[in-house]
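Content type TSV, C-alpha atoms, from the file model02.tsv:
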chain	number	residue	atom	x	y	z
E	14	MET	CA	154.24	182.63	115.78
E	15	THR	CA	157.49	183.63	117.41
E	16	GLY	CA	157.64	185.37	120.74
E	17	GLN	CA	158.97	188.50	119.06
E	18	THR	CA	156.04	188.71	116.62
E	19	GLU	CA	153.61	188.28	119.51
E	20	ALA	CA	155.25	191.19	121.29
E	21	TYR	CA	154.96	193.36	118.15
E	22	GLU	CA	151.29	192.42	117.83
E	23	ALA	CA	150.63	193.25	121.47
E	24	VAL	CA	152.00	196.77	120.88
E	25	PHE	CA	149.94	197.06	117.69
E	26	VAL	CA	146.72	196.01	119.50
E	27	ASP	CA	147.47	198.46	122.33
E	28	LEU	CA	147.95	201.33	119.86
E	29	VAL	CA	144.68	200.51	118.09
E	30	GLN	CA	142.76	200.29	121.37
E	31	LYS	CA	144.13	203.61	122.63
E	32	SER	CA	143.13	205.19	119.31
E	33	TRP	CA	139.56	203.94	119.74
E	34	LYS	CA	139.37	205.44	123.19
E	35	MET	CA	140.52	208.84	121.94
E	36	PHE	CA	138.26	208.58	118.90
E	37	GLY	CA	135.32	207.85	121.22
E	38	GLU	CA	136.00	211.04	123.19
E	39	MET	CA	136.30	213.11	120.01
E	40	ASP	CA	133.15	211.55	118.57
E	41	HIS	CA	131.19	212.29	121.74
E	42	ALA	CA	132.32	215.93	121.69
E	43	THR	CA	130.79	216.38	118.23
E	44	ARG	CA	127.51	214.73	119.27
E	45	VAL	CA	126.74	216.60	122.48
E	46	ASP	CA	124.36	219.01	120.71
E	47	ASP	CA	122.46	216.09	119.15
E	48	ILE	CA	122.20	214.31	122.51
E	49	PHE	CA	120.89	217.50	124.08
E	50	LEU	CA	118.41	218.19	121.27
E	51	GLY	CA	117.08	214.63	121.55
E	52	ALA	CA	116.63	215.20	125.27
E	53	VAL	CA	114.72	218.43	124.62
E	54	ILE	CA	112.39	216.53	122.25
E	55	ALA	CA	111.89	213.66	124.71
E	56	SER	CA	111.18	216.11	127.55
E	57	ALA	CA	108.59	218.01	125.54
E	58	VAL	CA	106.81	214.88	124.27
E	59	ARG	CA	106.77	213.54	127.83
E	60	LEU	CA	104.79	216.66	128.80
E	61	GLY	CA	102.19	215.88	126.12
E	62	ARG	CA	103.46	218.11	123.32
E	63	CYS	CA	103.84	217.11	119.69
E	64	LEU	CA	106.99	217.73	117.68
E	65	ILE	CA	105.72	219.48	114.53
E	66	ASP	CA	108.94	220.78	112.99
E	67	LEU	CA	112.50	219.43	112.94
E	68	GLU	CA	115.29	220.96	110.92
E	69	SER	CA	118.93	220.08	111.34
E	70	ASP	CA	121.98	220.68	109.19
E	71	GLY	CA	124.27	218.89	111.63
E	72	THR	CA	125.39	221.99	113.57
E	73	SER	CA	122.35	224.23	113.73
E	74	HIS	CA	119.11	222.68	114.91
E	75	PHE	CA	115.54	223.94	115.12
E	76	VAL	CA	112.51	222.22	116.62
E	77	ARG	CA	108.94	223.37	117.15
E	78	PHE	CA	106.31	221.79	119.39
E	79	GLU	CA	102.58	222.23	119.76
E	80	ASP	CA	100.30	221.51	122.67
E	81	MET	CA	97.28	220.09	120.85
E	82	SER	CA	94.94	220.91	123.76
E	83	ASN	CA	95.36	224.69	123.47
E	84	ARG	CA	97.44	225.09	120.28
E	85	SER	CA	100.20	226.95	122.10
E	86	ARG	CA	103.64	226.44	120.60
E	87	MET	CA	107.21	226.27	121.81
E	88	THR	CA	110.27	226.69	119.63
E	89	PHE	CA	113.84	225.71	120.45
E	90	ARG	CA	116.89	226.63	118.41
E	91	LEU	CA	120.31	225.21	119.26
E	92	GLN	CA	123.76	225.99	117.95
E	93	HIS	CA	126.76	224.23	119.44
E	94	LEU	CA	129.54	226.76	120.18
E	95	THR	CA	132.23	224.23	121.16
E	96	PRO	CA	131.87	221.30	118.77
E	97	THR	CA	135.42	219.98	119.09
E	98	LEU	CA	137.07	218.08	121.93
E	99	MET	CA	139.74	220.77	122.35
E	100	ALA	CA	137.21	223.61	122.63
E	101	ALA	CA	135.01	221.55	124.96
E	102	LYS	CA	137.96	220.71	127.25
E	103	ALA	CA	138.80	224.40	127.50
E	104	HIS	CA	135.32	225.90	127.85
E	105	GLY	CA	132.90	223.04	128.43
E	106	HIS	CA	130.08	222.34	125.99
E	107	GLN	CA	128.40	225.70	125.42
E	108	ALA	CA	125.56	226.41	123.05
E	109	ASN	CA	123.45	229.28	121.82
E	110	VAL	CA	119.90	228.41	122.71
E	111	THR	CA	116.86	230.39	121.61
E	112	ILE	CA	113.60	229.52	123.33
E	113	GLY	CA	110.31	230.86	121.99
E	114	VAL	CA	106.63	230.61	122.83
E	115	GLY	CA	103.83	231.12	120.33
E	116	ARG	CA	100.18	232.07	120.65
E	117	LEU	CA	97.56	231.74	117.95
E	118	VAL	CA	95.80	235.10	117.50
E	119	SER	CA	92.77	235.86	115.40
E	120	ASP	CA	93.13	239.65	115.61
E	121	LEU	CA	94.76	240.93	112.44
E	122	GLY	CA	95.76	244.22	114.18
E	123	LYS	CA	97.75	242.38	116.83
E	124	LEU	CA	99.42	240.18	114.23
E	125	TRP	CA	100.34	243.20	112.16
E	126	GLY	CA	101.68	245.01	115.24
E	127	ALA	CA	103.96	242.06	116.03
E	128	PHE	CA	105.02	241.87	112.42
E	129	LYS	CA	106.08	245.55	112.49
E	130	GLN	CA	107.97	244.84	115.70
E	131	GLU	CA	109.74	241.94	114.01
E	132	PHE	CA	110.71	244.26	111.15
E	133	LYS	CA	112.20	246.75	113.63
E	134	SER	CA	113.98	243.92	115.49
E	135	ALA	CA	115.83	243.04	112.30
E	136	PHE	CA	117.77	246.32	112.62
E	137	VAL	CA	118.71	245.78	116.26
E	138	MET	CA	121.91	243.97	117.20
E	139	GLN	CA	120.76	240.64	118.61
E	140	ASP	CA	124.04	238.94	119.44
E	141	GLU	CA	123.56	239.56	123.17
E	142	PRO	CA	121.62	237.03	125.25
E	143	GLY	CA	118.53	237.94	127.22
E	144	ILE	CA	116.86	240.21	124.66
E	145	VAL	CA	113.23	239.29	124.06
E	146	THR	CA	112.00	239.82	120.51
E	147	LEU	CA	108.65	239.28	118.85
E	148	ASP	CA	108.10	237.34	115.67
E	149	ALA	CA	104.88	236.96	113.70
E	150	ASP	CA	104.05	234.09	111.38
E	151	MET	CA	101.43	235.71	109.17
E	152	SER	CA	100.70	232.47	107.26
E	153	SER	CA	99.62	230.48	110.31
E	154	GLY	CA	98.52	233.36	112.57
E	155	TYR	CA	101.02	232.84	115.37
E	156	ILE	CA	102.91	235.45	117.36
E	157	TYR	CA	106.10	234.29	119.02
E	158	ALA	CA	108.17	235.82	121.80
E	159	GLN	CA	111.71	234.46	121.91
E	160	ILE	CA	114.84	234.88	123.93
E	161	PRO	CA	118.45	233.94	123.10
E	162	LEU	CA	120.49	232.39	125.92
E	163	ILE	CA	123.82	230.66	126.34
E	164	TRP	CA	123.63	227.31	128.09
E	165	ASN	CA	126.29	225.01	129.45
E	166	LEU	CA	125.18	221.64	128.10
E	167	ASP	CA	127.43	219.67	130.50
E	168	GLU	CA	125.02	220.62	133.29
E	169	TYR	CA	122.27	218.57	131.67
E	170	LEU	CA	123.99	215.44	130.36
E	171	GLY	CA	125.11	213.58	133.47
E	172	ASP	CA	128.62	212.69	134.58
E	173	ASN	CA	129.47	210.59	131.52
E	174	GLY	CA	127.75	212.93	129.03
E	175	TRP	CA	125.36	210.23	127.83
E	176	GLN	CA	122.53	210.42	130.37
E	177	PRO	CA	120.40	213.54	129.96
E	178	ASP	CA	118.56	214.90	132.97
E	179	TYR	CA	115.13	215.15	131.34
E	180	GLU	CA	113.49	216.67	134.43
E	181	LYS	CA	116.02	219.47	134.65
E	182	ILE	CA	115.81	220.28	130.94
E	183	ALA	CA	111.99	220.36	131.04
E	184	SER	CA	112.01	222.48	134.18
E	185	HIS	CA	114.45	225.08	132.80
E	186	ILE	CA	112.55	225.37	129.53
E	187	TYR	CA	109.26	225.71	131.42
E	188	CYS	CA	110.66	228.56	133.57
E	189	CYS	CA	111.63	230.42	130.39
E	190	GLU	CA	108.20	229.77	128.88
E	191	VAL	CA	106.37	231.22	131.88
E	192	SER	CA	108.32	234.48	131.63
E	193	LEU	CA	107.98	234.67	127.86
E	194	TYR	CA	104.20	234.17	128.03
E	195	LYS	CA	104.00	236.92	130.62
E	196	TYR	CA	105.88	239.25	128.28
E	197	LEU	CA	103.91	238.17	125.20
E	198	ASP	CA	100.51	238.55	126.85
E	199	GLY	CA	101.52	241.95	128.24
E	200	ARG	CA	102.57	243.11	124.78
E	201	LEU	CA	99.41	241.79	123.13
E	202	LYS	CA	97.23	243.71	125.60
E	203	LEU	CA	99.08	246.91	124.70
E	204	ALA	CA	98.87	246.30	120.94
O	25	MET	CA	84.42	233.14	114.54
O	26	SER	CA	86.21	235.88	112.58
O	27	LEU	CA	87.27	235.28	108.98
O	28	LEU	CA	90.93	235.24	110.03
O	29	GLY	CA	90.06	232.72	112.74
O	30	MET	CA	88.43	230.42	110.16
O	31	VAL	CA	91.39	230.74	107.80
O	32	ASN	CA	93.77	230.00	110.68
O	33	LYS	CA	91.78	226.91	111.64
O	34	PHE	CA	91.97	225.57	108.09
O	35	LYS	CA	95.67	226.31	107.78
O	36	HIS	CA	96.34	224.78	111.19
O	37	LYS	CA	94.72	221.51	110.11
O	38	GLY	CA	96.97	221.47	107.03
O	39	GLU	CA	100.07	222.20	109.11
O	40	ILE	CA	99.37	219.32	111.48
O	41	ARG	CA	98.70	216.99	108.54
O	42	GLU	CA	102.08	217.94	107.07
O	43	SER	CA	103.80	217.43	110.43
O	44	LYS	CA	102.74	213.83	111.06
O	45	ASP	CA	106.19	212.45	110.23
O	46	GLU	CA	107.80	214.88	112.71
O	47	ILE	CA	105.21	213.92	115.35
O	48	PHE	CA	106.12	210.26	114.69
O	49	ILE	CA	109.83	211.03	115.15
O	50	GLY	CA	109.14	212.97	118.38
O	51	GLU	CA	107.16	210.05	119.83
O	52	MET	CA	109.92	207.64	118.79
O	53	ILE	CA	112.66	209.72	120.44
O	54	TYR	CA	110.57	209.84	123.62
O	55	LEU	CA	109.86	206.08	123.65
O	56	LEU	CA	113.50	205.15	123.03
O	57	SER	CA	114.62	207.59	125.76
O	58	LEU	CA	112.59	205.39	128.12
O	59	GLN	CA	114.96	202.54	127.15
O	60	GLY	CA	117.87	204.77	128.19
O	61	TRP	CA	118.90	205.30	124.57
O	62	PRO	CA	119.89	208.90	123.82
O	63	CYS	CA	119.59	210.41	120.39
O	64	ILE	CA	123.07	210.97	118.86
O	65	GLY	CA	122.36	212.57	115.53
O	66	PHE	CA	120.00	213.57	112.80
O	67	THR	CA	122.22	212.23	110.05
O	68	ARG	CA	122.62	209.18	107.87
O	69	LYS	CA	125.81	207.21	107.37
O	70	ILE	CA	126.57	206.31	103.75
O	71	MET	CA	129.81	204.42	103.04
O	72	GLY	CA	131.18	205.53	106.39
O	73	VAL	CA	130.39	209.21	105.79
O	74	GLU	CA	127.69	211.01	107.79
O	75	VAL	CA	125.24	212.82	105.54
O	76	THR	CA	122.79	215.35	106.90
O	77	ALA	CA	119.37	214.43	105.63
O	78	THR	CA	116.69	215.57	108.00
O	79	GLY	CA	114.05	217.91	106.70
O	80	ALA	CA	110.80	217.83	104.79
O	81	ASP	CA	109.38	214.29	104.37
O	82	LEU	CA	112.70	212.55	105.19
O	83	GLN	CA	113.79	212.01	108.76
O	84	ASN	CA	117.02	210.38	109.89
O	85	VAL	CA	117.69	209.82	113.56
O	86	ARG	CA	120.46	207.82	115.23
O	87	PHE	CA	120.49	206.48	118.78
O	88	ARG	CA	123.19	205.08	120.99
O	89	THR	CA	121.84	201.85	122.48
O	90	LEU	CA	123.55	202.18	125.87
O	91	ASN	CA	123.76	199.01	127.96
O	92	ASP	CA	122.32	196.81	125.20
O	93	PRO	CA	124.10	193.43	125.26
O	94	VAL	CA	124.40	193.27	121.46
O	95	LEU	CA	123.60	196.58	119.76
O	96	TYR	CA	125.91	199.60	119.70
O	97	SER	CA	123.61	201.99	117.84
O	98	LEU	CA	120.30	202.20	116.06
O	99	HIS	CA	119.48	204.25	113.00
O	100	VAL	CA	115.91	205.06	111.95
O	101	ARG	CA	114.98	206.47	108.57
O	102	LEU	CA	111.41	207.58	107.88
O	103	ASP	CA	110.57	208.50	104.32
O	104	ARG	CA	107.08	209.88	103.95
O	105	LYS	CA	105.42	208.84	100.70
O	106	SER	CA	101.90	210.27	100.95
O	107	GLY	CA	99.51	212.25	103.09
O	108	SER	CA	101.22	215.66	103.10
O	109	GLY	CA	98.40	217.06	100.99
O	110	ALA	CA	94.69	216.92	101.84
O	111	LEU	CA	93.83	214.88	98.73
O	112	SER	CA	96.51	212.19	99.11
O	113	ALA	CA	95.78	211.99	102.86
O	114	ALA	CA	92.10	211.32	102.13
O	115	LEU	CA	92.75	208.83	99.30
O	116	ILE	CA	95.81	206.89	100.45
O	117	GLY	CA	96.45	207.97	104.04
O	118	SER	CA	99.86	208.83	105.48
O	119	LYS	CA	102.05	206.07	104.13
O	120	ALA	CA	105.78	205.98	104.77
O	121	THR	CA	108.69	203.59	104.59
O	122	LEU	CA	110.41	202.98	107.88
O	123	TYR	CA	113.92	201.55	107.82
O	124	MET	CA	115.57	200.54	111.07
O	125	THR	CA	119.23	199.59	111.16
O	126	GLY	CA	120.96	198.04	114.15
O	127	GLU	CA	124.74	198.18	114.47
O	128	VAL	CA	127.11	195.85	116.26
O	129	LYS	CA	130.56	197.27	116.76
O	130	ASN	CA	133.48	194.93	117.33
O	131	HIS	CA	136.66	196.70	118.22
O	132	LEU	CA	138.90	194.16	116.55
O	133	ALA	CA	142.59	194.81	116.70
O	134	ASP	CA	144.07	191.35	116.20
O	135	PRO	CA	145.35	191.00	112.60
O	136	ASP	CA	143.88	187.45	112.24
O	137	ASP	CA	140.39	188.69	113.23
O	138	LEU	CA	140.71	191.58	110.78
O	139	VAL	CA	141.45	189.20	107.90
O	140	ASN	CA	138.39	187.06	108.76
O	141	GLN	CA	136.19	190.14	108.95
O	142	TRP	CA	137.36	191.32	105.53
O	143	ALA	CA	136.47	187.94	103.96
O	144	THR	CA	132.88	188.21	105.29
O	145	ASP	CA	132.60	191.80	104.02
O	146	ILE	CA	133.34	190.64	100.48
O	147	LYS	CA	130.74	187.84	100.68
O	148	ASN	CA	128.00	190.28	101.70
O	149	ILE	CA	128.79	193.17	99.41
O	150	LEU	CA	126.29	192.27	96.66
O	151	LYS	CA	123.37	191.21	98.86
O	152	PHE	CA	120.29	193.45	98.84
O	153	PRO	CA	117.30	193.06	101.16
O	154	LEU	CA	113.70	192.59	100.09
O	155	MET	CA	111.00	194.50	101.98
O	156	GLY	CA	110.39	192.90	105.36
O	157	GLN	CA	113.61	190.89	105.30
O	158	ILE	CA	116.68	191.62	107.35
O	159	LYS	CA	119.85	192.42	105.46
O	160	VAL	CA	123.17	192.00	107.21
O	161	ASN	CA	126.07	194.06	105.98
O	162	HIS	CA	129.66	194.25	107.20
O	163	GLU	CA	131.67	197.44	107.11
O	164	LEU	CA	135.05	196.83	108.77
O	165	ASN	CA	134.45	197.02	112.54
O	166	SER	CA	130.69	197.39	112.23
O	167	ILE	CA	128.04	194.88	111.28
O	168	PHE	CA	124.64	196.28	110.31
O	169	ALA	CA	121.25	194.62	110.13
O	170	GLU	CA	118.49	196.54	108.39
O	171	LYS	CA	114.77	195.98	108.15
O	172	GLY	CA	112.32	198.03	106.13
O	173	ALA	CA	108.53	198.19	106.24
O	174	VAL	CA	105.72	200.25	104.77
O	175	ILE	CA	103.70	201.78	107.59
O	176	ASP	CA	100.59	203.90	108.02
O	177	ILE	CA	101.67	206.81	110.23
O	178	ASP	CA	98.08	207.40	111.38
O	179	GLN	CA	98.17	204.14	113.35
O	180	TYR	CA	100.90	205.57	115.54
O	181	VAL	CA	100.44	209.32	115.91
O	182	LEU	CA	97.58	211.47	117.19
O	183	ALA	CA	95.88	208.20	118.12
O	184	GLY	CA	96.06	208.51	121.91
O	185	GLU	CA	97.51	205.91	124.23
O	186	GLN	CA	96.73	203.12	121.74
O	187	GLY	CA	98.85	204.83	119.07
O	188	ARG	CA	101.76	205.19	121.47
O	189	ASN	CA	101.47	201.51	122.45
O	190	ASN	CA	101.40	200.51	118.77
O	191	LEU	CA	104.55	202.52	118.10
O	192	ASN	CA	106.32	201.09	121.13
O	193	ALA	CA	105.47	197.56	119.99
O	194	LEU	CA	106.69	198.31	116.45
O	195	LEU	CA	109.98	199.80	117.64
O	196	LEU	CA	110.84	197.23	120.28
O	197	GLY	CA	109.66	194.33	118.10
O	198	THR	CA	111.90	195.42	115.23
O	199	VAL	CA	114.84	196.06	117.56
O	200	ASN	CA	114.42	192.51	118.91
O	201	GLU	CA	114.52	191.08	115.40
O	202	LEU	CA	117.63	193.10	114.55
O	203	ARG	CA	119.28	192.05	117.81
O	204	GLU	CA	118.53	188.37	117.09
O	205	GLY	CA	119.97	188.72	113.58
O	206	LEU	CA	123.15	190.33	114.89
O	207	LYS	CA	123.70	188.30	118.05
O	208	LYS	CA	126.04	185.80	116.42
O	209	TYR	CA	128.33	188.59	115.18
O	210	LYS	CA	128.91	190.15	118.58
O	211	LYS	CA	132.42	189.39	119.84

This structure in structure tokens:
Amino acid sequence: MTGQTEAYEAVFVDLVQKSWKMFGEMDHATRVDDIFLGAVIASAVRLGRCLIDLESDGTSHFVRFEDMSNRSRMTFRLQHLTPTLMAAKAHGHQANVTIGVGRLVSDLGKLWGAFKQEFKSAFVMQDEPGIVTLDADMSSGYIYAQIPLIWNLDEYLGDNGWQPDYEKIASHIYCCEVSLYKYLDGRLKLA
Amino acid sequence: MSLLGMVNKFKHKGEIRESKDEIFIGEMIYLLSLQGWPCIGFTRKIMGVEVTATGADLQNVRFRTLNDPVLYSLHVRLDRKSGSGALSAALIGSKATLYMTGEVKNHLADPDDLVNQWATDIKNILKFPLMGQIKVNHELNSIFAEKGAVIDIDQYVLAGEQGRNNLNALLLGTVNELREGLKKYKK
């Protein structure tokens, strides 16, 4: 191989390697929601909960957990708002997150009350975060209280974006759960 | 217990029976997080294209095997075959096929290496694995090793600490086999 060909190849190899680096960054930007959702699942299972529902279409994700000791449930919905590298560089990795808690109730009146509330909620604009709504699952007898939030996922995934802070994720979800249970129990007493 | 309470109890049992594959996936994500391997997707890669296929009775989860000396990623596919209904659960149990695929990624840029890689791809294109065997497949920069097995989900989920230990042994044992099969391809 001549010296000139070697020089051409060196440029070629450099171009390919730079492309991989950029591709890696772009690929990571599209996977941040999946990394975060996996961390939510790992955090919940670590606390003794069972994952009982997992739906994902690649951009919108929904998971549901149950604590087998008391049958209480937690739901987590995630939609990545900045799924491209360009958007993420400009705004950071933001996501719509909806956290819910569910209680099993055996009182048909309470279930029906929550169901009516859910029906009314359908007519209320719910694109703002921080609005607690009720939802009733008549088939399984659960009433859920849920709240939509906007989270900055970068806060939870470590400096390189690959190492989730499981403690922090579990702790933030737990804080939301405590408040939602307070609201749900207060509403059920009034029903 | 009220009538509604009894109905709820019955339905709850059915719901949990239907959710055993999700419970399995949740335990698996937790156990692999202990290895430092984050989940990177709920999709399946077919001919280089990612296909979303996670839902009822079919679960696809991919992991990035950070800091592993050989593997770049791991893909797990769980296809539940029986046990969603009360009758099949009682007669056959919760049987499923579990496919685990390890990936080695070689970022080859040298034209000579690329030609060699292409020649190996062609040799492997018509090879299909038998159950329990490891199949190695080349796709350009990636080399995949896949192993499939029929499992009884009940041995691994809702079975206390023993179930979790069984699952950990199954996962890490299979990963070791895949790693051994792929070691020689890592450059």

Please list as a PDB file with C-alpha atoms, in the coordinates of the input every residue within 12 Å of O:Thr89, counting all atoms listed in the file and excluding residues in the same chain fewer than 3 positions away.
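File part23.pdb, as written:
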ATOM      1  CA  TRP E 175     125.360 210.230 127.830  1.00  0.00           C
ATOM      2  CA  GLN E 176     122.530 210.420 130.370  1.00  0.00           C
TER       3      GLN E 176
ATOM      4  CA  LEU O  56     113.500 205.150 123.030  1.00  0.00           C
ATOM      5  CA  SER O  57     114.620 207.590 125.760  1.00  0.00           C
ATOM      6  CA  LEU O  58     112.590 205.390 128.120  1.00  0.00           C
ATOM      7  CA  GLN O  59     114.960 202.540 127.150  1.00  0.00           C
ATOM      8  CA  GLY O  60     117.870 204.770 128.190  1.00  0.00           C
ATOM      9  CA  TRP O  61     118.900 205.300 124.570  1.00  0.00           C
ATOM     10  CA  PRO O  62     119.890 208.900 123.820  1.00  0.00           C
ATOM     11  CA  CYS O  63     119.590 210.410 120.390  1.00  0.00           C
ATOM     12  CA  ILE O  64     123.070 210.970 118.860  1.00  0.00           C
ATOM     13  CA  ARG O  86     120.460 207.820 115.230  1.00  0.00           C
ATOM     14  CA  ASP O  92     122.320 196.810 125.200  1.00  0.00           C
ATOM     15  CA  PRO O  93     124.100 193.430 125.260  1.00  0.00           C
ATOM     16  CA  VAL O  94     124.400 193.270 121.460  1.00  0.00           C
ATOM     17  CA  LEU O  95     123.600 196.580 119.760  1.00  0.00           C
ATOM     18  CA  TYR O  96     125.910 199.600 119.700  1.00  0.00           C
ATOM     19  CA  SER O  97     123.610 201.990 117.840  1.00  0.00           C
ATOM     20  CA  LEU O  98     120.300 202.200 116.060  1.00  0.00           C
ATOM     21  CA  HIS O  99     119.480 204.250 113.000  1.00  0.00           C
ATOM     22  CA  THR O 125     119.230 199.590 111.160  1.00  0.00           C
ATOM     23  CA  GLY O 126     120.960 198.040 114.150  1.00  0.00           C
ATOM     24  CA  GLU O 127     124.740 198.180 114.470  1.00  0.00           C
ATOM     25  CA  VAL O 128     127.110 195.850 116.260  1.00  0.00           C
ATOM     26  CA  LYS O 129     130.560 197.270 116.760  1.00  0.00           C
ATOM     27  CA  VAL O 199     114.840 196.060 117.560  1.00  0.00           C
ATOM     28  CA  ARG O 203     119.280 192.050 117.810  1.00  0.00           C
TER      29      ARG O 203
END

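We find atom CA of O:Val85 and atom CA of E:Thr88 to be spaced 19.4 Å apart.
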
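Distance check against E:Glu168 using only C-alpha atoms: of E:Gly16, E:Gly105, E:Gly122, E:Gly199, the minimum falls on E:Gly105.
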
Would you list the residues near (117.2, 242.0, 127.9) (no more than 12 Å away, in the coordinates of the file, using all atoms listed in the file) as a PDB file with C-alpha atoms, keeping the file's coordinate frame?
ATOM      1  CA  MET E 138     121.910 243.970 117.200  1.00  0.00           C
ATOM      2  CA  GLN E 139     120.760 240.640 118.610  1.00  0.00           C
ATOM      3  CA  ASP E 140     124.040 238.940 119.440  1.00  0.00           C
ATOM      4  CA  GLU E 141     123.560 239.560 123.170  1.00  0.00           C
ATOM      5  CA  PRO E 142     121.620 237.030 125.250  1.00  0.00           C
ATOM      6  CA  GLY E 143     118.530 237.940 127.220  1.00  0.00           C
ATOM      7  CA  ILE E 144     116.860 240.210 124.660  1.00  0.00           C
ATOM      8  CA  VAL E 145     113.230 239.290 124.060  1.00  0.00           C
ATOM      9  CA  THR E 146     112.000 239.820 120.510  1.00  0.00           C
ATOM     10  CA  GLN E 159     111.710 234.460 121.910  1.00  0.00           C
ATOM     11  CA  ILE E 160     114.840 234.880 123.930  1.00  0.00           C
ATOM     12  CA  PRO E 161     118.450 233.940 123.100  1.00  0.00           C
ATOM     13  CA  LEU E 162     120.490 232.390 125.920  1.00  0.00           C
ATOM     14  CA  LEU E 193     107.980 234.670 127.860  1.00  0.00           C
ATOM     15  CA  TYR E 196     105.880 239.250 128.280  1.00  0.00           C
TER      16      TYR E 196
END

Quiz item: Which residue, E:His185, E:Thr43, E:Phe36, E:Arg86, has the smallest gap to E:Tyr169 when you use all atoms listed in the file?
Solution: E:His185

Practice problem: Identify which of the residues E:Ala55, E:Leu166, E:Val24, E:Cys189 lies closest to E:Ala108, counting all atoms listed in the file when measuring atom-to-atom distances. | Solution: E:Leu166

Please tabulate, as a tab-separated table, the residues of chain E that come within 10 Å of chain O, each with its closest pair of atoms and the distance in Å to one decimal, counting all atoms listed in the file and ordering rows by chain, then residue number upward.
residue	atom	partner	partner_atom	distance
E:Glu22	CA	O:Asp134	CA	7.5
E:Ala23	CA	O:Asp134	CA	8.6
E:Phe25	CA	O:Ala133	CA	7.8
E:Val26	CA	O:Ala133	CA	5.1
E:Asp27	CA	O:Ala133	CA	8.3
E:Leu28	CA	O:Ala133	CA	9.0
E:Val29	CA	O:Ala133	CA	6.2
E:Gln30	CA	O:Ala133	CA	7.2
E:Trp33	CA	O:His131	CA	7.9
E:His41	CA	O:Ile64	CA	8.7
E:Thr43	CA	O:Ile64	CA	9.4
E:Arg44	CA	O:Ile64	CA	5.8
E:Val45	CA	O:Ile64	CA	7.6
E:Asp46	CA	O:Ile64	CA	8.4
E:Asp47	CA	O:Gly65	CA	5.1
E:Ile48	CA	O:Ile64	CA	5.0
E:Phe49	CA	O:Cys63	CA	8.1
E:Leu50	CA	O:Cys63	CA	7.9
E:Gly51	CA	O:Cys63	CA	5.0
E:Ala52	CA	O:Pro62	CA	7.2
E:Val53	CA	O:Tyr54	CA	9.6
E:Ile54	CA	O:Gly50	CA	6.2
E:Ala55	CA	O:Tyr54	CA	4.2
E:Ser56	CA	O:Tyr54	CA	7.4
E:Ala57	CA	O:Tyr54	CA	8.6
E:Val58	CA	O:Tyr54	CA	6.3
E:Arg59	CA	O:Tyr54	CA	6.8
E:Gly61	CA	O:Glu51	CA	9.9
E:Arg62	CA	O:Gly50	CA	9.1
E:Cys63	CA	O:Ile47	CA	5.6
E:Leu64	CA	O:Ile47	CA	4.8
E:Ile65	CA	O:Ser43	CA	5.0
E:Asp66	CA	O:Glu46	CA	6.0
E:Leu67	CA	O:Glu46	CA	6.5
E:Glu68	CA	O:Gly79	CA	5.4
E:Ser69	CA	O:Thr78	CA	6.0
E:Asp70	CA	O:Thr76	CA	5.9
E:Gly71	CA	O:Thr76	CA	6.1
E:Thr72	CA	O:Thr76	CA	9.8
E:His74	CA	O:Phe66	CA	9.4
E:Val76	CA	O:Glu46	CA	9.6
E:Arg77	CA	O:Glu46	CA	9.6
E:Phe78	CA	O:Ile47	CA	8.9
E:Glu79	CA	O:Ile40	CA	9.3
E:Met81	CA	O:Leu182	CA	9.4
E:Arg84	CA	O:His36	CA	9.2
E:Leu117	CA	O:Asn32	CA	8.4
E:Val118	CA	O:Gly29	CA	7.8
E:Ser119	CA	O:Gly29	CA	4.9
E:Asp120	CA	O:Leu28	CA	7.4
E:Leu121	CA	O:Leu28	CA	7.3
E:Met151	CA	O:Asn32	CA	9.7
E:Ser152	CA	O:Lys35	CA	8.0
E:Ser153	CA	O:Asn32	CA	5.9
E:Gly154	CA	O:Asn32	CA	6.1
E:Tyr155	CA	O:Asn32	CA	9.1
E:Trp175	CA	O:Pro62	CA	6.9
E:Gln176	CA	O:Pro62	CA	7.2
E:Pro177	CA	O:Pro62	CA	7.7
E:Tyr179	CA	O:Ser57	CA	9.4

Quiz prompt | Gap from atom CA of E:Val114 to atom CA of O:Gly184 - Å, one decimal | solution = 24.5 Å

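You can rank E:Leu60, E:Gly113, E:Lys102, E:Asp80 by their closest distance to E:Ser192 using all atoms listed in the file, and at the top of that list sits E:Gly113.
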
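For the atom pair formed by atom CA of O:Phe168 and atom CA of O:Trp142, the distance is 14.5 Å, given to one decimal.
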
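Protein and nucleic acid residues near (136.2, 219.4, 121.5) are Met35, Phe36, Gly37, Glu38, Met39, Asp40, His41, Ala42, Thr43, Arg44, Val45, Asp46, His93, Leu94, Thr95, Pro96, Thr97, Leu98, Met99, Ala100, Ala101, Lys102, Ala103, His104, Gly105, His106 and Gln107 of chain E, the criterion being any atom at most 12 Å away using only C-alpha atoms.
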
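Nearest to O:Ile167 of all the residues O:Arg188, O:Asp137, O:Thr121, O:Asn130 is O:Asn130, counting all atoms listed in the file.
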
Practice problem: Would you please work out which residue, of O:Ala169, O:Leu206, O:Ile177, O:Leu195, is nearest to O:Arg104 when using all atoms listed in the file? | Solution: O:Ile177
